[in-house]
>>> print(open('start_13.cif').read())   # mmCIF, C-alpha atoms (C1' of nucleotides)
data_upload
loop_
_atom_site.label_atom_id
_atom_site.label_comp_id
_atom_site.auth_asym_id
_atom_site.auth_seq_id
_atom_site.Cartn_x
_atom_site.Cartn_y
_atom_site.Cartn_z
CA MET A 1 33.75 215.51 -38.26
CA TYR A 2 31.79 216.88 -41.22
CA LYS A 3 33.01 220.14 -42.72
CA LEU A 4 30.84 221.67 -45.44
CA LEU A 5 32.99 223.39 -48.07
CA LYS A 6 30.48 224.45 -50.68
CA THR A 7 26.89 223.95 -51.75
CA GLU A 8 25.08 224.29 -55.06
CA GLY A 9 21.35 223.94 -54.71
CA ASN A 10 20.95 220.96 -52.38
CA ALA A 11 24.23 219.38 -53.52
CA ARG A 12 27.02 219.47 -50.95
CA ARG A 13 30.81 219.44 -51.25
CA ALA A 14 32.43 218.56 -47.93
CA GLU A 15 35.24 216.87 -46.03
CA PHE A 16 34.58 214.13 -43.51
CA SER A 17 37.53 213.65 -41.19
CA THR A 18 38.05 210.36 -39.40
CA PRO A 19 40.83 208.76 -37.31
CA HIS A 20 41.89 206.96 -40.49
CA GLY A 21 41.98 209.97 -42.78
CA THR A 22 39.72 212.50 -44.43
CA ILE A 23 37.08 211.52 -46.98
CA GLN A 24 36.38 214.07 -49.69
CA THR A 25 32.65 214.00 -50.39
CA PRO A 26 30.54 213.26 -52.32
CA ALA A 27 32.25 209.86 -52.22
CA PHE A 28 31.69 206.27 -53.22
CA MET A 29 32.66 203.45 -50.87
CA ASN A 30 34.21 200.40 -52.52
CA VAL A 31 32.55 197.23 -51.28
CA ALA A 32 34.92 194.68 -49.72
CA THR A 33 32.40 192.42 -48.00
CA CYS A 34 34.80 189.84 -46.60
CA GLY A 35 37.74 192.20 -46.25
CA ALA A 36 38.65 192.27 -49.91
CA ILE A 37 37.07 193.65 -53.05
CA LYS A 38 35.88 190.64 -55.01
CA GLY A 39 37.97 190.09 -58.12
CA ALA A 40 41.48 189.81 -56.68
CA VAL A 41 41.85 193.51 -55.83
CA SER A 42 44.00 194.14 -52.75
CA ALA A 43 44.71 197.19 -50.62
CA LEU A 44 47.82 197.70 -52.75
CA ASP A 45 45.62 198.48 -55.77
CA LEU A 46 43.21 200.91 -54.15
CA LYS A 47 45.14 204.13 -54.77
CA ASP A 48 45.33 203.25 -58.47
CA ILE A 49 41.55 203.16 -58.69
CA LYS A 50 41.02 206.34 -56.62
CA CYS A 51 39.38 204.50 -53.72
CA GLN A 52 38.99 206.65 -50.60
CA VAL A 53 37.00 204.38 -48.32
CA GLN A 54 36.04 200.72 -48.15
CA LEU A 55 32.92 198.99 -46.86
CA CYS A 56 33.21 195.64 -45.09
CA ASN A 57 30.48 193.45 -43.69
CA THR A 58 29.90 192.64 -40.03
CA TYR A 59 27.89 189.51 -40.71
CA HIS A 60 30.34 187.93 -43.16
CA LEU A 61 33.45 188.69 -41.09
CA HIS A 62 31.74 187.48 -37.93
CA LEU A 63 31.15 184.10 -39.56
CA ARG A 64 34.55 183.93 -41.25
CA PRO A 65 37.26 184.31 -40.06
CA GLY A 66 35.45 185.55 -36.91
CA ASP A 67 35.64 189.05 -35.44
CA LYS A 68 37.65 187.81 -32.46
CA VAL A 69 40.26 186.41 -34.84
CA VAL A 70 40.44 189.76 -36.62
CA LYS A 71 40.80 191.52 -33.28
CA GLN A 72 43.66 189.21 -32.24
CA LEU A 73 45.36 190.04 -35.52
CA GLY A 74 45.13 193.74 -34.77
CA GLY A 75 41.87 194.73 -36.48
CA LEU A 76 40.71 195.09 -40.07
CA HIS A 77 43.18 197.84 -40.98
CA LYS A 78 46.25 195.85 -40.00
CA PHE A 79 44.72 192.60 -41.27
CA THR A 80 43.94 193.90 -44.77
CA ARG A 81 46.81 196.42 -44.98
CA TRP A 82 44.41 199.26 -45.77
CA GLU A 83 45.12 202.34 -43.70
CA GLY A 84 42.23 204.49 -44.92
CA PRO A 85 38.69 204.69 -43.58
CA ILE A 86 36.59 201.51 -43.35
CA LEU A 87 32.85 201.47 -42.78
CA THR A 88 31.33 198.23 -41.56
CA ASP A 89 27.76 197.42 -42.44
CA SER A 90 25.88 196.19 -39.38
CA GLY A 91 24.46 192.92 -40.66
CA GLY A 92 20.98 194.41 -40.75
CA PHE A 93 20.77 194.05 -44.51
CA GLN A 94 21.58 190.35 -44.29
CA VAL A 95 18.46 189.92 -42.16
CA PHE A 96 16.60 191.26 -45.14
CA SER A 97 18.52 189.47 -47.88
CA LEU A 98 18.44 186.13 -46.03
CA ALA A 99 14.75 186.64 -45.25
CA LYS A 100 13.81 182.96 -45.50
CA LEU A 101 16.02 182.11 -42.58
CA ARG A 102 15.17 184.91 -40.18
CA ASN A 103 13.19 185.35 -37.02
CA ILE A 104 13.01 188.94 -35.81
CA LYS A 105 12.36 189.59 -32.10
CA GLU A 106 12.65 192.61 -29.85
CA GLU A 107 16.05 191.49 -28.60
CA GLY A 108 17.43 190.96 -32.10
CA VAL A 109 17.38 188.52 -34.97
CA TYR A 110 17.82 184.76 -35.04
CA PHE A 111 18.95 183.40 -38.37
CA SER A 112 20.93 180.63 -39.99
CA SER A 113 24.44 180.92 -41.32
CA HIS A 114 24.54 180.78 -45.10
CA ILE A 115 27.86 178.94 -44.81
CA ASP A 116 27.05 175.96 -42.59
CA GLY A 117 23.42 176.53 -41.58
CA ARG A 118 24.10 176.89 -37.87
CA LYS A 119 21.77 179.15 -35.91
CA ILE A 120 23.14 182.53 -34.99
CA PHE A 121 21.77 185.49 -33.06
CA MET A 122 22.53 189.12 -33.69
CA GLY A 123 21.10 192.07 -31.84
CA PRO A 124 22.25 195.69 -31.50
CA GLU A 125 24.81 194.85 -28.79
CA GLU A 126 26.25 191.89 -30.72
CA SER A 127 26.55 193.96 -33.89
CA MET A 128 28.37 196.75 -32.03
CA GLN A 129 30.68 194.27 -30.32
CA ILE A 130 31.59 192.64 -33.63
CA GLN A 131 32.19 195.99 -35.32
CA SER A 132 34.29 197.10 -32.35
CA ASN A 133 36.35 193.91 -32.61
CA LEU A 134 36.84 194.56 -36.31
CA GLY A 135 38.04 198.05 -35.40
CA SER A 136 36.37 199.78 -38.33
CA THR A 137 36.35 203.56 -38.65
CA ILE A 138 32.57 203.78 -38.85
CA ALA A 139 30.03 201.34 -37.46
CA MET A 140 26.51 201.18 -38.82
CA ALA A 141 23.54 200.85 -36.50
CA PHE A 142 21.80 197.48 -36.44
CA ASP A 143 18.50 198.09 -38.21
CA GLU A 144 15.77 196.18 -39.94
CA CYS A 145 15.79 196.70 -43.67
CA ILE A 146 12.10 196.32 -44.49
CA GLU A 147 10.93 194.40 -47.53
CA ASN A 148 9.28 196.28 -50.36
CA PRO A 149 6.35 196.49 -50.49
CA ALA A 150 5.53 196.39 -46.77
CA PRO A 151 2.24 197.04 -44.96
CA TYR A 152 2.00 200.46 -43.26
CA ASP A 153 1.35 199.04 -39.79
CA TYR A 154 4.26 196.63 -39.98
CA THR A 155 6.56 199.41 -41.19
CA LYS A 156 5.49 201.67 -38.29
CA LYS A 157 6.20 198.98 -35.69
CA SER A 158 9.46 198.06 -37.38
CA ILE A 159 10.88 201.58 -37.39
CA GLU A 160 9.85 202.07 -33.75
CA ARG A 161 11.88 198.95 -32.95
CA THR A 162 14.75 200.19 -35.11
CA VAL A 163 14.81 203.38 -32.96
CA ARG A 164 15.00 201.29 -29.78
CA TRP A 165 17.77 199.24 -31.39
CA LEU A 166 19.60 202.46 -32.33
CA GLU A 167 19.49 203.68 -28.73
CA ARG A 168 20.94 200.35 -27.62
CA CYS A 169 23.63 200.59 -30.33
CA LYS A 170 24.65 204.05 -29.15
CA LYS A 171 24.83 202.96 -25.52
CA GLU A 172 26.82 199.83 -26.32
CA MET A 173 29.23 201.71 -28.57
CA ALA A 174 29.93 204.27 -25.83
CA ARG A 175 30.70 201.40 -23.47
CA LEU A 176 32.95 199.60 -25.98
CA ASN A 177 34.84 202.80 -26.92
CA SER A 178 35.71 203.30 -23.24
CA LEU A 179 37.24 199.83 -22.79
CA GLU A 180 41.00 199.50 -22.42
CA ASP A 181 41.60 196.91 -25.16
CA THR A 182 39.30 198.37 -27.81
CA ILE A 183 41.14 198.72 -31.14
CA ASN A 184 39.47 201.95 -32.28
CA LYS A 185 38.30 203.96 -29.27
CA GLU A 186 37.03 206.70 -31.61
CA GLN A 187 34.75 204.42 -33.63
CA MET A 188 31.90 206.41 -35.10
CA LEU A 189 28.25 205.40 -35.33
CA PHE A 190 25.80 206.15 -38.14
CA GLY A 191 22.04 205.79 -37.73
CA ILE A 192 19.84 204.46 -40.50
CA ASN A 193 16.57 205.94 -41.66
CA GLN A 194 13.84 203.43 -42.55
CA GLY A 195 10.12 203.62 -43.26
CA SER A 196 9.65 201.82 -46.56
CA THR A 197 8.01 204.10 -49.14
CA TYR A 198 5.82 205.96 -46.62
CA LYS A 199 7.00 209.57 -46.55
CA ASP A 200 5.34 210.39 -43.23
CA LEU A 201 6.99 207.42 -41.51
CA ARG A 202 10.33 208.22 -43.13
CA ILE A 203 10.14 211.84 -41.92
CA ASP A 204 9.01 210.91 -38.39
CA HIS A 205 11.82 208.39 -38.15
CA MET A 206 14.46 210.82 -39.41
CA LYS A 207 13.29 213.49 -36.95
CA THR A 208 13.60 211.00 -34.10
CA ILE A 209 17.06 209.72 -34.94
CA ALA A 210 18.34 213.25 -35.72
CA GLU A 211 17.93 214.01 -32.01
CA LEU A 212 20.37 211.25 -31.05
CA ASP A 213 23.35 213.29 -32.31
CA LEU A 214 25.04 210.53 -34.28
CA ASP A 215 28.18 210.87 -36.41
CA GLY A 216 26.27 210.41 -39.64
CA TYR A 217 22.87 209.57 -41.06
CA ALA A 218 22.12 206.88 -43.60
CA ILE A 219 19.02 206.28 -45.67
CA GLY A 220 18.44 202.55 -45.96
CA GLY A 221 15.83 200.27 -47.43
CA LEU A 222 15.81 201.93 -50.86
CA ALA A 223 16.62 200.50 -54.29
CA VAL A 224 14.95 197.28 -53.21
CA GLY A 225 12.51 197.04 -56.11
CA GLU A 226 10.67 200.37 -56.04
CA PRO A 227 10.91 202.63 -59.11
CA ALA A 228 13.86 205.03 -59.07
CA GLU A 229 11.47 208.01 -59.10
CA VAL A 230 9.95 206.78 -55.84
CA MET A 231 13.42 206.53 -54.35
CA TYR A 232 14.24 210.11 -55.36
CA GLU A 233 10.96 211.38 -53.91
CA ILE A 234 11.65 209.71 -50.58
CA ILE A 235 15.16 211.16 -50.37
CA GLU A 236 13.77 214.61 -51.22
CA ALA A 237 11.12 214.24 -48.54
CA VAL A 238 13.56 213.14 -45.82
CA GLU A 239 16.49 215.41 -46.70
CA PRO A 240 15.18 218.56 -44.94
CA TYR A 241 15.05 216.63 -41.65
CA ALA A 242 18.56 215.16 -41.83
CA PRO A 243 21.00 217.27 -39.78
CA LYS A 244 22.75 219.80 -42.03
CA ASN A 245 26.07 219.43 -40.24
CA LYS A 246 26.27 215.64 -40.54
CA ILE A 247 27.28 213.36 -43.39
CA ARG A 248 24.46 211.62 -45.30
CA TYR A 249 24.82 208.15 -46.72
CA LEU A 250 22.46 206.48 -49.19
CA MET A 251 22.93 202.77 -48.63
CA GLY A 252 23.39 200.36 -51.49
CA VAL A 253 22.83 202.85 -54.30
CA GLY A 254 23.33 202.60 -57.19
CA THR A 255 23.72 203.23 -60.89
CA PRO A 256 25.88 206.22 -61.92
CA VAL A 257 22.72 208.21 -62.65
CA ASN A 258 21.14 207.18 -59.33
CA ILE A 259 24.20 208.59 -57.58
CA LEU A 260 24.21 211.79 -59.61
CA GLU A 261 20.53 212.35 -58.84
CA ALA A 262 21.08 211.66 -55.14
CA VAL A 263 24.03 214.08 -54.94
CA TYR A 264 21.75 216.64 -56.56
CA ILE A 265 19.24 216.10 -53.75
CA GLY A 266 21.90 216.37 -51.02
CA VAL A 267 23.50 212.97 -50.38
CA ASP A 268 27.24 212.73 -49.56
CA LEU A 269 28.13 209.05 -49.43
CA PHE A 270 27.29 205.91 -51.39
CA ASP A 271 28.13 202.25 -51.73
CA CYS A 272 26.99 199.67 -54.21
CA VAL A 273 27.97 196.21 -55.40
CA MET A 274 27.00 197.14 -58.94
CA PRO A 275 30.42 198.12 -60.29
CA SER A 276 32.13 195.00 -58.94
CA ARG A 277 29.34 192.51 -59.58
CA ASN A 278 28.69 193.81 -63.08
CA ALA A 279 32.41 193.65 -63.79
CA ARG A 280 32.51 189.99 -62.81
CA HIS A 281 29.86 189.36 -65.46
CA GLY A 282 31.65 191.41 -68.10
CA HIS A 283 29.48 194.52 -67.90
CA LEU A 284 31.77 197.54 -68.00
CA PHE A 285 30.85 201.17 -67.42
CA THR A 286 31.86 203.78 -69.98
CA LYS A 287 30.98 207.43 -70.46
CA SER A 288 28.68 206.36 -73.28
CA GLY A 289 26.92 203.57 -71.40
CA ILE A 290 27.47 199.99 -70.33
CA ILE A 291 29.23 197.57 -72.66
CA ASN A 292 29.25 193.77 -72.31
CA ILE A 293 32.88 192.95 -72.99
CA SER A 294 31.97 189.30 -73.66
CA ASN A 295 30.03 190.23 -76.78
CA ALA A 296 31.39 188.82 -80.02
CA LYS A 297 31.72 192.27 -81.55
CA TYR A 298 34.75 192.99 -79.32
CA GLU A 299 36.74 189.97 -80.49
CA LEU A 300 39.00 192.08 -82.72
CA ASP A 301 38.50 195.42 -80.93
CA ASP A 302 41.99 196.74 -80.20
CA SER A 303 40.70 199.94 -78.53
CA HIS A 304 40.44 200.55 -74.77
CA ILE A 305 37.30 199.91 -72.72
CA ASP A 306 36.54 203.64 -72.58
CA SER A 307 38.43 206.07 -74.80
CA GLN A 308 37.75 208.82 -72.22
CA CYS A 309 39.09 206.81 -69.27
CA ASP A 310 42.64 207.05 -67.96
CA CYS A 311 42.50 204.21 -65.46
CA PRO A 312 45.41 201.73 -65.28
CA VAL A 313 43.38 199.19 -67.25
CA CYS A 314 42.43 201.56 -70.06
CA ARG A 315 45.97 202.91 -70.26
CA ASN A 316 47.31 199.42 -71.00
CA PHE A 317 44.86 196.81 -72.22
CA SER A 318 42.52 196.34 -75.17
CA ARG A 319 38.88 195.30 -75.25
CA ALA A 320 39.88 192.24 -77.29
CA TYR A 321 42.38 191.12 -74.61
CA ILE A 322 39.97 191.64 -71.71
CA ARG A 323 37.21 189.85 -73.64
CA HIS A 324 39.58 186.94 -74.25
CA LEU A 325 40.49 186.77 -70.55
CA MET A 326 36.84 186.88 -69.46
CA LYS A 327 35.80 184.24 -71.98
CA SER A 328 38.70 182.04 -70.86
CA GLY A 329 37.77 182.39 -67.20
CA GLU A 330 41.14 183.93 -66.40
CA MET A 331 41.15 185.66 -63.02
CA LEU A 332 43.03 188.58 -64.55
CA GLY A 333 40.03 189.38 -66.75
CA MET A 334 37.80 189.76 -63.72
CA ARG A 335 40.43 191.76 -61.87
CA LEU A 336 40.90 194.22 -64.73
CA ALA A 337 37.14 194.55 -65.20
CA VAL A 338 36.55 195.22 -61.49
CA MET A 339 39.39 197.75 -61.33
CA HIS A 340 38.04 199.61 -64.34
CA ASN A 341 34.48 199.75 -63.02
CA LEU A 342 35.54 200.92 -59.56
CA TYR A 343 37.78 203.55 -61.10
CA PHE A 344 34.80 204.65 -63.18
CA TYR A 345 32.71 205.14 -60.04
CA ASN A 346 35.48 206.76 -57.98
CA ASN A 347 36.37 209.00 -60.90
CA LEU A 348 32.72 209.96 -61.36
CA MET A 349 32.69 211.11 -57.74
CA GLU A 350 35.88 213.09 -58.29
CA GLU A 351 34.34 214.78 -61.32
CA ILE A 352 31.27 215.63 -59.25
CA ARG A 353 33.48 217.11 -56.51
CA THR A 354 35.44 219.15 -59.05
CA ALA A 355 32.22 220.42 -60.60
CA LEU A 356 30.99 221.45 -57.14
CA ASP A 357 34.31 223.12 -56.33
CA GLN A 358 34.04 225.15 -59.50
CA GLY A 359 30.35 225.97 -59.06
CA GLU A 360 29.48 224.04 -62.21
CA PHE A 361 27.63 221.08 -60.80
CA GLU A 362 24.30 222.02 -62.35
CA ALA A 363 25.89 222.00 -65.81
CA TYR A 364 27.71 218.72 -65.11
CA TYR A 365 24.50 217.14 -63.83
CA ARG A 366 22.53 218.08 -66.93
CA HIS A 367 25.35 217.09 -69.26
CA TYR A 368 25.76 213.67 -67.67
CA ARG A 369 22.04 213.00 -67.68
CA ASP A 370 21.90 213.86 -71.36
CA ILE A 371 24.80 211.51 -72.13
CA LEU A 372 22.97 208.57 -70.63
CA GLY A 373 19.76 209.78 -72.25
CA LYS A 374 17.50 209.04 -69.31
CA ARG A 375 17.15 209.71 -65.64
CA ILE A 376 17.14 206.12 -64.36
"C1'" G B 10 44.31 140.51 -92.38
"C1'" U B 11 40.40 138.18 -88.72
"C1'" G B 12 36.64 138.89 -84.94
"C1'" G B 13 33.78 142.32 -82.05
"C1'" G B 14 31.98 147.31 -80.75
"C1'" U B 15 30.65 152.34 -82.09
"C1'" A B 16 28.78 156.24 -85.62
"C1'" U B 17 22.82 161.46 -83.18
"C1'" A B 18 24.18 169.68 -82.54
"C1'" G B 19 31.06 172.48 -82.68
"C1'" C B 20 32.34 168.63 -78.39
"C1'" U B 21 30.57 164.58 -74.88
"C1'" U B 22 26.40 161.79 -74.76
"C1'" A B 23 20.58 160.28 -73.95
"C1'" G B 24 16.79 158.47 -77.07
"C1'" U B 25 11.59 152.99 -74.22
"C1'" U B 26 8.77 146.86 -77.70
"C1'" G B 27 9.72 151.21 -84.77
"C1'" G B 28 4.84 156.12 -83.96
"C1'" U B 29 3.63 163.70 -84.26
"C1'" U B 30 8.02 169.12 -83.47
"C1'" A B 31 15.05 164.06 -81.90
"C1'" A B 32 16.77 165.54 -75.60
"C1'" A B 33 20.69 167.17 -72.13
"C1'" G B 34 25.49 169.09 -70.42
"C1'" C B 35 29.59 171.88 -72.20
"C1'" G B 36 30.76 175.46 -75.99
"C1'" C B 37 28.58 179.54 -78.96
"C1'" C B 38 25.07 184.04 -79.15
"C1'" A B 39 22.38 187.61 -76.22
"C1'" G B 40 20.09 189.51 -71.77
"C1'" U B 41 19.73 190.23 -66.17
"C1'" U B 42 22.40 192.02 -61.70
"C1'" U B 43 21.47 198.47 -56.52
"C1'" G B 44 23.91 198.26 -47.53
"C1'" U B 45 27.37 190.96 -52.57
"C1'" G B 46 25.42 183.45 -50.39
"C1'" G B 47 31.85 185.83 -56.38
"C1'" C B 48 32.84 181.99 -61.86
"C1'" A B 49 25.46 182.87 -61.12
"C1'" C B 50 20.70 183.18 -63.37
"C1'" U B 51 17.27 183.71 -67.78
"C1'" G B 52 16.57 183.20 -72.85
"C1'" G B 53 18.27 181.98 -78.02
"C1'" A B 54 20.64 179.78 -82.31
"C1'" G B 55 22.46 175.18 -83.77
"C1'" A B 56 21.28 168.06 -86.01
"C1'" C B 57 17.62 166.30 -93.02
"C1'" C B 58 20.50 161.02 -86.51
"C1'" G B 59 28.08 158.45 -91.05
"C1'" U B 60 26.80 157.21 -96.67
"C1'" C B 61 23.82 154.39 -100.08
"C1'" G B 62 20.03 150.93 -100.55
"C1'" G B 63 16.13 147.69 -98.42
"C1'" U B 64 11.77 146.12 -94.99
"C1'" U B 65 7.31 148.92 -93.24
"C1'" C B 66 1.39 152.90 -93.50
"C1'" G B 67 5.63 154.92 -90.73
"C1'" A B 68 12.91 154.13 -89.45
"C1'" A B 69 17.71 157.72 -85.27
"C1'" U B 70 15.62 152.75 -83.93
"C1'" C B 71 15.08 146.62 -87.95
"C1'" C B 72 18.19 144.38 -92.36
"C1'" G B 73 22.42 144.69 -96.09
"C1'" A B 74 26.64 146.94 -98.29
"C1'" C B 75 30.15 150.71 -97.95
"C1'" U B 76 33.09 154.39 -95.19
"C1'" A B 77 35.29 156.09 -90.66
"C1'" U B 78 36.89 154.97 -85.85
"C1'" C B 79 37.97 152.02 -81.29
"C1'" C B 80 39.28 147.25 -78.93
"C1'" A B 81 41.21 142.24 -79.12
"C1'" C B 82 43.89 138.63 -81.86
"C1'" C B 83 47.33 137.39 -85.82
#
>>> encode(input="start_13.cif", output="structure tokens")
Amino acid sequence: MYKLLKTEGNARRAEFSTPHGTIQTPAFMNVATCGAIKGAVSALDLKDIKCQVQLCNTYHLHLRPGDKVVKQLGGLHKFTRWEGPILTDSGGFQVFSLAKLRNIKEEGVYFSSHIDGRKIFMGPEESMQIQSNLGSTIAMAFDECIENPAPYDYTKKSIERTVRWLERCKKEMARLNSLEDTINKEQMLFGINQGSTYKDLRIDHMKTIAELDLDGYAIGGLAVGEPAEVMYEIIEAVEPYAPKNKIRYLMGVGTPVNILEAVYIGVDLFDCVMPSRNARHGHLFTKSGIINISNAKYELDDSHIDSQCDCPVCRNFSRAYIRHLMKSGEMLGMRLAVMHNLYFYNNLMEEIRTALDQGEFEAYYRHYRDILGKRI
RNA sequence: GUGGGUAUAGCUUAGUUGGUUAAAGCGCCAGUUUGUGGCACUGGAGACCGUCGGUUCGAAUCCGACUAUCCACC
């Protein structure tokens, strides 16, 4: 249930209520692909880093430990000890990211497991069944994330198929939610807008899926190599056709500035591996830009990662210590880096929400852009 | 003390019958990462080849002495 609280320009401040709690938006989802945020961060840590909602992956959990195993253990919430909202990605992106191994047909996609190479099939019904077994709060529709660049004709045929897949997803989810032993009988379904970088196809597709009255609408297939300006233009083009009374989710995006720009255009929800993956490689976000904590210049730096940050890591540990841990390959270094970066993202979203609450988002937006010195 | 082996980048090593600019891994330095195939990838710096002398047009490579170190024996 999406409840709009305030708007400023196209930017929206809202609450999205779910069976597992209310998400204050704009919000960032913390990526926990296999049921855990990479870097030894457990559900016990999530409040400390201001996490509201996690994203887990259908494909990965299907392969290991298996969605039926998770169901027998009571679903993802009980399994991971996280009581808040969980969104599961449908596996559609893996079709794209494992492109060499795929074979896309009308019924679904045949591809090889990245773990043991065995052939697997996933179509809309399978994806919904897996996500139902996982018992996530929100299921994503099974879509095709089209490569960039893609020919116009291929894109047109692909999004027509993605619409047919979406209709099958909706039907299957209704069936699964009515079954006696379903873990979450109120599981929600988000549709995904595709259409590569063709505005007319994007708009046509959004108009079509808007009529299906889904619980939320995602924009997928962006930030896959096209310039950021192109991404912003596509979001701006599609935004007027996304239902006003439904949450909007920009999939896989992005940098702090990407997110700020997208909020400005009217997006509510984000996810991205950037904060956690960058952290694992020592790249830490600060209000004055990214620092690489492994750099030699931090060897004797007794200050905190970000002097303006009040996360648990910055309240306690020095740059020199975290650099030492990262250089030594200590797991704690990675853990502290990931926690800091996720806090940075979650805190950024909180600042955006506060600015919207106070009617000062425009000023915040311009200020933040100036700090980073560029739009991208 | 005697006999034998070894000595090449910070470390561990490769280097053809002597032939242009001595190679690799690790480490070091820096960069990349956008619905995650988690310790990755890309690039860079760094060696007058133990020391001194000899043979040769030419020596990391062959010869001698010295030094260091390892093994065996006393």
>>> residues_around(input="start_13.cif", residues="region 46-48 of chain B", least_positions_apart="5", cutoff="10 Å", atoms="only C-alpha atoms (C1' of nucleotides)", output="MDAnalysis selection string")
chainID A and resid 37:39 60 94 97:98 113:115 276:277 280:281 326 329:331 334
>>> closest_residue(input="start_13.cif", among="B:A54, B:C38, B:C82, B:C71", to="chain A", atoms="all atoms listed in the file")
B:C38
>>> closest_atom_pairs(input="start_13.cif", of="chain A", to="chain B", cutoff="7 Å", atoms="all atoms listed in the file", output="CSV")
residue,atom,partner,partner_atom,distance
A:Thr33,CA,B:U45,C1',7.0
A:Lys38,CA,B:G47,C1',6.4
A:Asp89,CA,B:G44,C1',6.4
A:Phe93,CA,B:G44,C1',6.1
A:His114,CA,B:G46,C1',6.0
A:Ala223,CA,B:U43,C1',5.7
A:Met251,CA,B:G44,C1',4.7
A:Gly252,CA,B:G44,C1',4.5
A:Val253,CA,B:U43,C1',5.1
A:Gly254,CA,B:U43,C1',4.6
A:Thr255,CA,B:U43,C1',6.8
A:Cys272,CA,B:U43,C1',6.1
A:Val273,CA,B:U45,C1',6.0
A:Met274,CA,B:U43,C1',6.2
A:Asn278,CA,B:U42,C1',6.7
>>> write_last_selection(input="start_13.cif", atoms="C-alpha atoms", output="tab-separated table (two decimals), in the frame of the given file")
chain	number	residue	atom	x	y	z
A	33	THR	CA	32.40	192.42	-48.00
A	38	LYS	CA	35.88	190.64	-55.01
A	89	ASP	CA	27.76	197.42	-42.44
A	93	PHE	CA	20.77	194.05	-44.51
A	114	HIS	CA	24.54	180.78	-45.10
A	223	ALA	CA	16.62	200.50	-54.29
A	251	MET	CA	22.93	202.77	-48.63
A	252	GLY	CA	23.39	200.36	-51.49
A	253	VAL	CA	22.83	202.85	-54.30
A	254	GLY	CA	23.33	202.60	-57.19
A	255	THR	CA	23.72	203.23	-60.89
A	272	CYS	CA	26.99	199.67	-54.21
A	273	VAL	CA	27.97	196.21	-55.40
A	274	MET	CA	27.00	197.14	-58.94
A	278	ASN	CA	28.69	193.81	-63.08
>>> closest_residue(input="start_13.cif", among="A:Leu73, A:Val109, A:Leu134, A:Leu332", to="Cys34 (chain A)", atoms="only C-alpha atoms")
A:Leu134
>>> resolve_selection(input="start_13.cif", expression="the PyMOL selection byres ((chain A and resi 345-361) around 10)", output="number ranges by chain")
A: 5-9, 11-14, 24-30, 49-52, 255-256, 259-260, 263-264, 268-272, 274-275, 285, 287, 309-311, 340-344, 362-367
>>> residues_around(input="start_13.cif", residues="Asn177 (chain A)", least_positions_apart="3", cutoff="7 Å", atoms="all atoms listed in the file", output="MDAnalysis selection string")
chainID A and resid 173:174 182 185:187
>>> resolve_selection(input="start_13.cif", expression="the PyMOL selection byres ((chain B and resi 27) around 10)", output="list in words")
U26, G28, U65, G67, A68, U70 and C71 of chain B
>>> atom_distance(input="start_13.cif", atom1="CA of Thr58 (chain A)", atom2="CA of Ala218 (chain A)")
16.6 Å
>>> residues_around(input="start_13.cif", residues="His20 (chain A)", least_positions_apart="2", cutoff="7 Å", atoms="only C-alpha atoms (C1' of nucleotides)", output="PDB file with C-alpha atoms, in the coordinates of the input")
ATOM      1  CA  THR A  18      38.050 210.360 -39.400  1.00  0.00           C
ATOM      2  CA  GLU A  83      45.120 202.340 -43.700  1.00  0.00           C
ATOM      3  CA  GLY A  84      42.230 204.490 -44.920  1.00  0.00           C
ATOM      4  CA  PRO A  85      38.690 204.690 -43.580  1.00  0.00           C
ATOM      5  CA  THR A 137      36.350 203.560 -38.650  1.00  0.00           C
TER       6      THR A 137
END
>>> residues_around(input="start_13.cif", residues="region 18-21 of chain B", least_positions_apart="3", cutoff="12 Å", atoms="only C-alpha atoms (C1' of nucleotides)", output="PyMOL selection string")
chain B and resi 31-37+54-56+58
>>> resolve_selection(input="start_13.cif", expression="the PyMOL selection byres ((chain A and resi 246) around 6)", output="list in words")
Tyr2, Gly216, Pro243, Lys244, Asn245 and Ile247 of chain A
>>> atom_distance(input="start_13.cif", atom1="CA of Ile23 (chain A)", atom2="CA of Leu212 (chain A)")
23.1 Å
>>> residues_near_point(input="start_13.cif", point="(38.1, 153.3, -80.8)", cutoff="9 Å", atoms="only C-alpha atoms (C1' of nucleotides)", output="CSV table (one decimal) with C-alpha atoms (C1' of nucleotides), keeping the file's coordinate frame")
chain,number,residue,atom,x,y,z
B,14,G,C1',32.0,147.3,-80.8
B,15,U,C1',30.6,152.3,-82.1
B,78,U,C1',36.9,155.0,-85.8
B,79,C,C1',38.0,152.0,-81.3
B,80,C,C1',39.3,147.2,-78.9
>>> axis_aligned_box(input="start_13.cif", around="region 292-304 of chain A", padding_each_side="8 Å", output="lines of an AutoDock Vina configuration file")
center_x = 35.6
center_y = 194.7
center_z = -77.5
size_x = 28.7
size_y = 27.7
size_z = 26.4
